[in-house]
2 protein chains.
Amino acid sequence: MDSYKLPGAYKLFFGTLANDSRLKIVNLLRHGSKNVTEICHATGFEQSMVSHNLKMLEYHGMVFVAKKGKFRQYSLNEKTIKPLVELIDAHMKQYCCKILEGKR
Amino acid sequence: MDSYKLPGAYKLFFGTLANDSRLKIVNLLRHGSKNVTEICHATGFEQSMVSHNLKMLEYHGMVFVAKKGKFRQYSLNEKTIKPLVELIDAHMKQYCCKILEGKR
DNA sequence: TAATCATATGAAAACTTATTCATATATTTA
DNA sequence: TAAATATATGAATAAGTTTTCATATGATTA
């Protein structure tokens with residue numbers, strides 16, 4: 001792991017997920033891929049905000065896009081997200097009782 | 001995983017690691033536990049800044065503290081950090097060539 | 001117990017990131 | 001091809017986070 005400088009790339013990785021709007025989008029996409037309009041409706045977020053956030057998620061490899069006519073279908077990178085979420089769930093159950101009680 | 005709301009607790013988790021100073025501290029502690037003064041020397045960071053950041057890391061269960069007289073020895077929660085870093089490394093190698101090229 | 005050393009803390013200032021707004025682009029349909 | 005629909009983008013503002021500074025607290029040593 002020392003092959004990468006921990007700061008820098010890691011900061012970008014974590015920063016991409018350190019945002020409630022993006023997390024909500026990520027969570028939504030766990031139930032299946034969606035286009036931008038569908039994401040807007042499901043989340044209640046503004047279209048340009050969704051696009052900005054999807055762009056960031058895509059740039060960091062957390063979601064993929066596919067052109068479908070005038071639509072763009074976004075899907076989750078399950079390969080990363082699934083184990084990541086499992087890992088964090090385990091962490092939180094064990095170490096973050098305070099956070100879970102207070103903040104969900 | 002739907003037992004937790006993805007936003008909220010997750011945002012706090014990722015937010016805690018989305019910072020270069022904290023990542024540098026985390027990386028340092030991978031080589032063994034250290035007290036605050038040692039962390040300051042090794043990182044070049046200001047003492048109060050280190051304390052603030054350690055507090056956040058500790059609150060989120062990423063480091064542990066042990067009182068040793070007037071010192072406080074901080075150690076890493078390897079159980080979480082190790083698999084986390086492995087996961088992200090794998091992710092970055094596969095999906096984030098751009099980031100790694102540009103930013104390390 | 002006074003002085004010193006180690007660490008913590010609150011509030012302000014500096015910095016970063018997110019959201020919004022206006023508008024542009026691309027695709028499709030009438 | 002004009003109008004409508006879907007999405008993207010840049011720049012400005014708003015919101016949030018980090019760092020700094022001054023100082024407080026707690027333990028130890030002289």
# chains A, B, ... in the order shown; residues from 1 in each chain; ligands from 1

call {"tool": "closest_atom_pairs", "arguments": {"of": "chain C", "to": "chain B", "cutoff": "10 Å", "atoms": "only C-alpha atoms (C1' of nucleotides)", "output": "tab-separated table"}}
result
residue	atom	partner	partner_atom	distance
C:DC5	C1'	B:Lys70	CA	8.3
C:DA6	C1'	B:Lys70	CA	5.9
C:DT7	C1'	B:Ser51	CA	7.4
C:DA8	C1'	B:Ser51	CA	6.9
C:DT9	C1'	B:His52	CA	8.6

call {"tool": "residues_around", "arguments": {"residues": "Ser21 (chain B)", "least_positions_apart": "5", "cutoff": "10 Å", "atoms": "only C-alpha atoms (C1' of nucleotides)", "output": "short mmCIF file (atom, residue, chain, number, x, y, z; two decimals) with C-alpha atoms (C1' of nucleotides), in the first residue's frame"}}
result
data_model
loop_
_atom_site.label_atom_id
_atom_site.label_comp_id
_atom_site.auth_asym_id
_atom_site.auth_seq_id
_atom_site.Cartn_x
_atom_site.Cartn_y
_atom_site.Cartn_z
CA PRO A 7 -2.66 11.52 0.76
CA LYS A 11 -8.28 12.12 -0.30
CA VAL B 26 -3.08 7.49 9.59
CA ASN B 27 -0.28 6.49 7.28
CA THR B 43 4.56 15.07 10.09
CA PHE B 45 2.26 19.59 11.70
CA MET B 49 -3.86 20.80 14.58
CA VAL B 50 -2.68 17.30 15.27
CA ASN B 53 -7.40 15.74 13.85
CA LEU B 54 -6.60 12.91 16.24
"C1'" DT D 18 -9.57 22.95 8.33
#

call {"tool": "select_by_dssp", "arguments": {"residues": "region 1-82 of chain B", "states": "helix (DSSP H, G or I)", "output": "short mmCIF file (atom, residue, chain, number, x, y, z; two decimals) with N, CA, C and O atoms, in the first residue's frame"}}
result
data_model
loop_
_atom_site.label_atom_id
_atom_site.label_comp_id
_atom_site.auth_asym_id
_atom_site.auth_seq_id
_atom_site.Cartn_x
_atom_site.Cartn_y
_atom_site.Cartn_z
N ALA B 9 -24.18 8.62 8.73
CA ALA B 9 -23.04 7.95 9.33
C ALA B 9 -21.93 7.73 8.30
O ALA B 9 -20.75 7.88 8.60
N TYR B 10 -22.32 7.39 7.09
CA TYR B 10 -21.33 7.17 6.05
C TYR B 10 -20.60 8.45 5.68
O TYR B 10 -19.40 8.45 5.45
N LYS B 11 -21.34 9.50 5.62
CA LYS B 11 -20.72 10.79 5.32
C LYS B 11 -19.64 11.10 6.35
O LYS B 11 -18.57 11.58 6.01
N LEU B 12 -19.94 10.85 7.61
CA LEU B 12 -18.97 11.10 8.66
C LEU B 12 -17.76 10.20 8.52
O LEU B 12 -16.62 10.62 8.70
N PHE B 13 -18.01 8.95 8.20
CA PHE B 13 -16.90 8.02 8.02
C PHE B 13 -15.97 8.50 6.91
O PHE B 13 -14.77 8.65 7.11
N PHE B 14 -16.55 8.75 5.74
CA PHE B 14 -15.71 9.17 4.62
C PHE B 14 -15.09 10.54 4.87
O PHE B 14 -13.93 10.78 4.54
N GLY B 15 -15.87 11.43 5.44
CA GLY B 15 -15.36 12.77 5.73
C GLY B 15 -14.13 12.74 6.62
O GLY B 15 -13.21 13.54 6.45
N THR B 16 -14.12 11.82 7.54
CA THR B 16 -12.98 11.71 8.45
C THR B 16 -11.70 11.37 7.70
O THR B 16 -10.62 11.80 8.09
N LEU B 17 -11.83 10.64 6.63
CA LEU B 17 -10.64 10.24 5.88
C LEU B 17 -10.40 11.11 4.64
O LEU B 17 -9.42 10.92 3.93
N ASP B 20 -6.02 15.42 3.84
CA ASP B 20 -4.62 15.01 3.70
C ASP B 20 -3.87 14.93 5.02
O ASP B 20 -3.02 14.07 5.21
N SER B 21 -4.18 15.84 5.93
CA SER B 21 -3.48 15.80 7.21
C SER B 21 -3.82 14.52 7.97
O SER B 21 -2.93 13.84 8.49
N ARG B 22 -5.11 14.23 8.04
CA ARG B 22 -5.50 13.01 8.76
C ARG B 22 -4.97 11.76 8.07
O ARG B 22 -4.53 10.82 8.72
N LEU B 23 -4.95 11.78 6.74
CA LEU B 23 -4.42 10.62 6.03
C LEU B 23 -2.93 10.46 6.31
O LEU B 23 -2.44 9.34 6.45
N LYS B 24 -2.24 11.58 6.41
CA LYS B 24 -0.81 11.49 6.71
C LYS B 24 -0.59 10.90 8.10
O LYS B 24 0.32 10.09 8.31
N ILE B 25 -1.41 11.30 9.03
CA ILE B 25 -1.33 10.75 10.39
C ILE B 25 -1.64 9.26 10.38
O ILE B 25 -0.91 8.45 10.96
N VAL B 26 -2.70 8.90 9.69
CA VAL B 26 -3.08 7.49 9.59
C VAL B 26 -1.93 6.68 8.99
O VAL B 26 -1.55 5.63 9.51
N ASN B 27 -1.38 7.19 7.93
CA ASN B 27 -0.28 6.49 7.28
C ASN B 27 0.92 6.33 8.21
O ASN B 27 1.52 5.27 8.29
N LEU B 28 1.21 7.41 8.93
CA LEU B 28 2.31 7.35 9.89
C LEU B 28 2.08 6.26 10.94
O LEU B 28 2.97 5.47 11.26
N LEU B 29 0.87 6.21 11.44
CA LEU B 29 0.58 5.25 12.52
C LEU B 29 0.60 3.80 12.03
O LEU B 29 0.65 2.88 12.84
N VAL B 36 1.51 12.32 20.70
CA VAL B 36 1.20 13.52 19.93
C VAL B 36 2.46 14.26 19.48
O VAL B 36 2.58 14.65 18.31
N THR B 37 3.38 14.40 20.39
CA THR B 37 4.62 15.10 20.05
C THR B 37 5.37 14.39 18.93
O THR B 37 5.86 15.03 17.98
N GLU B 38 5.43 13.09 19.03
CA GLU B 38 6.09 12.32 17.96
C GLU B 38 5.38 12.51 16.63
O GLU B 38 6.03 12.64 15.58
N ILE B 39 4.07 12.53 16.67
CA ILE B 39 3.31 12.72 15.44
C ILE B 39 3.61 14.11 14.85
O ILE B 39 3.80 14.25 13.64
N CYS B 40 3.67 15.10 15.73
CA CYS B 40 4.01 16.45 15.26
C CYS B 40 5.36 16.47 14.56
O CYS B 40 5.50 17.01 13.46
N HIS B 41 6.36 15.88 15.22
CA HIS B 41 7.69 15.88 14.63
C HIS B 41 7.71 15.16 13.29
O HIS B 41 8.22 15.66 12.30
N ALA B 42 7.10 13.97 13.28
CA ALA B 42 7.17 13.14 12.07
C ALA B 42 6.43 13.78 10.89
O ALA B 42 6.83 13.62 9.73
N THR B 43 5.36 14.50 11.18
CA THR B 43 4.56 15.07 10.09
C THR B 43 4.93 16.52 9.77
O THR B 43 4.63 17.01 8.69
N GLN B 47 1.01 21.32 16.75
CA GLN B 47 0.45 20.47 17.80
C GLN B 47 -1.07 20.54 17.91
O GLN B 47 -1.75 19.50 17.99
N SER B 48 -1.64 21.72 17.89
CA SER B 48 -3.08 21.79 18.12
C SER B 48 -3.85 21.22 16.92
O SER B 48 -4.92 20.64 17.07
N MET B 49 -3.26 21.37 15.78
CA MET B 49 -3.86 20.80 14.58
C MET B 49 -3.85 19.28 14.65
O MET B 49 -4.86 18.63 14.35
N VAL B 50 -2.76 18.75 15.10
CA VAL B 50 -2.68 17.30 15.27
C VAL B 50 -3.72 16.81 16.28
O VAL B 50 -4.43 15.84 16.04
N SER B 51 -3.83 17.52 17.39
CA SER B 51 -4.81 17.12 18.40
C SER B 51 -6.24 17.15 17.86
O SER B 51 -7.02 16.22 18.10
N HIS B 52 -6.57 18.22 17.16
CA HIS B 52 -7.91 18.29 16.58
C HIS B 52 -8.17 17.09 15.65
O HIS B 52 -9.23 16.46 15.71
N ASN B 53 -7.20 16.81 14.82
CA ASN B 53 -7.40 15.74 13.85
C ASN B 53 -7.41 14.36 14.51
O ASN B 53 -8.21 13.50 14.13
N LEU B 54 -6.57 14.19 15.51
CA LEU B 54 -6.60 12.91 16.24
C LEU B 54 -7.95 12.72 16.92
O LEU B 54 -8.49 11.61 16.95
N LYS B 55 -8.46 13.80 17.45
CA LYS B 55 -9.76 13.70 18.11
C LYS B 55 -10.83 13.18 17.16
O LYS B 55 -11.64 12.32 17.51
N MET B 56 -10.81 13.70 15.97
CA MET B 56 -11.79 13.28 14.98
C MET B 56 -11.59 11.81 14.60
O MET B 56 -12.54 11.04 14.54
N LEU B 57 -10.35 11.45 14.38
CA LEU B 57 -10.05 10.05 14.04
C LEU B 57 -10.49 9.12 15.17
O LEU B 57 -11.03 8.05 14.94
N GLU B 58 -10.25 9.57 16.39
CA GLU B 58 -10.61 8.73 17.52
C GLU B 58 -12.12 8.62 17.67
O GLU B 58 -12.65 7.53 17.91
N TYR B 59 -12.79 9.74 17.53
CA TYR B 59 -14.24 9.73 17.67
C TYR B 59 -14.88 8.75 16.70
O TYR B 59 -15.90 8.15 16.98
N GLU B 78 -6.14 -1.10 13.01
CA GLU B 78 -5.67 -1.83 11.83
C GLU B 78 -6.79 -2.67 11.22
O GLU B 78 -6.85 -2.86 10.01
N LYS B 79 -7.63 -3.16 12.08
CA LYS B 79 -8.71 -4.05 11.63
C LYS B 79 -9.56 -3.39 10.55
O LYS B 79 -10.00 -4.04 9.62
N THR B 80 -9.80 -2.12 10.69
CA THR B 80 -10.57 -1.40 9.67
C THR B 80 -9.66 -0.89 8.55
O THR B 80 -9.96 -1.05 7.37
N ILE B 81 -8.57 -0.27 8.94
CA ILE B 81 -7.78 0.47 7.97
C ILE B 81 -7.11 -0.44 6.94
O ILE B 81 -7.08 -0.12 5.75
N LYS B 82 -6.61 -1.55 7.40
CA LYS B 82 -5.88 -2.42 6.47
C LYS B 82 -6.76 -2.88 5.30
O LYS B 82 -6.41 -2.63 4.15
#

call {"tool": "interface_residues", "arguments": {"of": "chain D", "to": "chain B", "cutoff": "12 Å", "atoms": "only C-alpha atoms (C1' of nucleotides)", "output": "ChimeraX atom specification"}}
result
/D:16-23,25-29

call {"tool": "select_by_dssp", "arguments": {"residues": "chain A", "states": "strand (DSSP E or B)", "output": "number ranges by chain"}}
result
A: 34-35, 63-68, 71-76

call {"tool": "residues_around", "arguments": {"residues": "DT25 (chain C)", "least_positions_apart": "5", "cutoff": "12 Å", "atoms": "only C-alpha atoms (C1' of nucleotides)", "output": "ChimeraX atom specification"}}
result
/A:70 /D:6-9

call {"tool": "write_last_selection", "arguments": {"atoms": "C-alpha atoms (C1' of nucleotides)", "output": "PDB file, in the first residue's frame"}}
result
ATOM      1  CA  LYS A  70     -30.941  11.052 -25.470  1.00  0.00           C
TER       2      LYS A  70
ATOM      3  C1'  DA D   6     -32.399  15.205 -21.576  1.00  0.00           C
ATOM      4  C1'  DT D   7     -28.194  16.286 -19.834  1.00  0.00           C
ATOM      5  C1'  DA D   8     -23.927  19.110 -19.098  1.00  0.00           C
ATOM      6  C1'  DT D   9     -21.264  23.077 -17.806  1.00  0.00           C
TER       7       DT D   9
END

call {"tool": "atom_distance", "arguments": {"atom1": "C1' of DT23 (chain C)", "atom2": "CA of Ser75 (chain A)"}}
result
27.6 Å

call {"tool": "closest_residue", "arguments": {"among": "B:Asn77, B:Phe64, B:Gly8, B:Glu86", "to": "Arg30 (chain B)", "atoms": "only C-alpha atoms"}}
result
B:Asn77
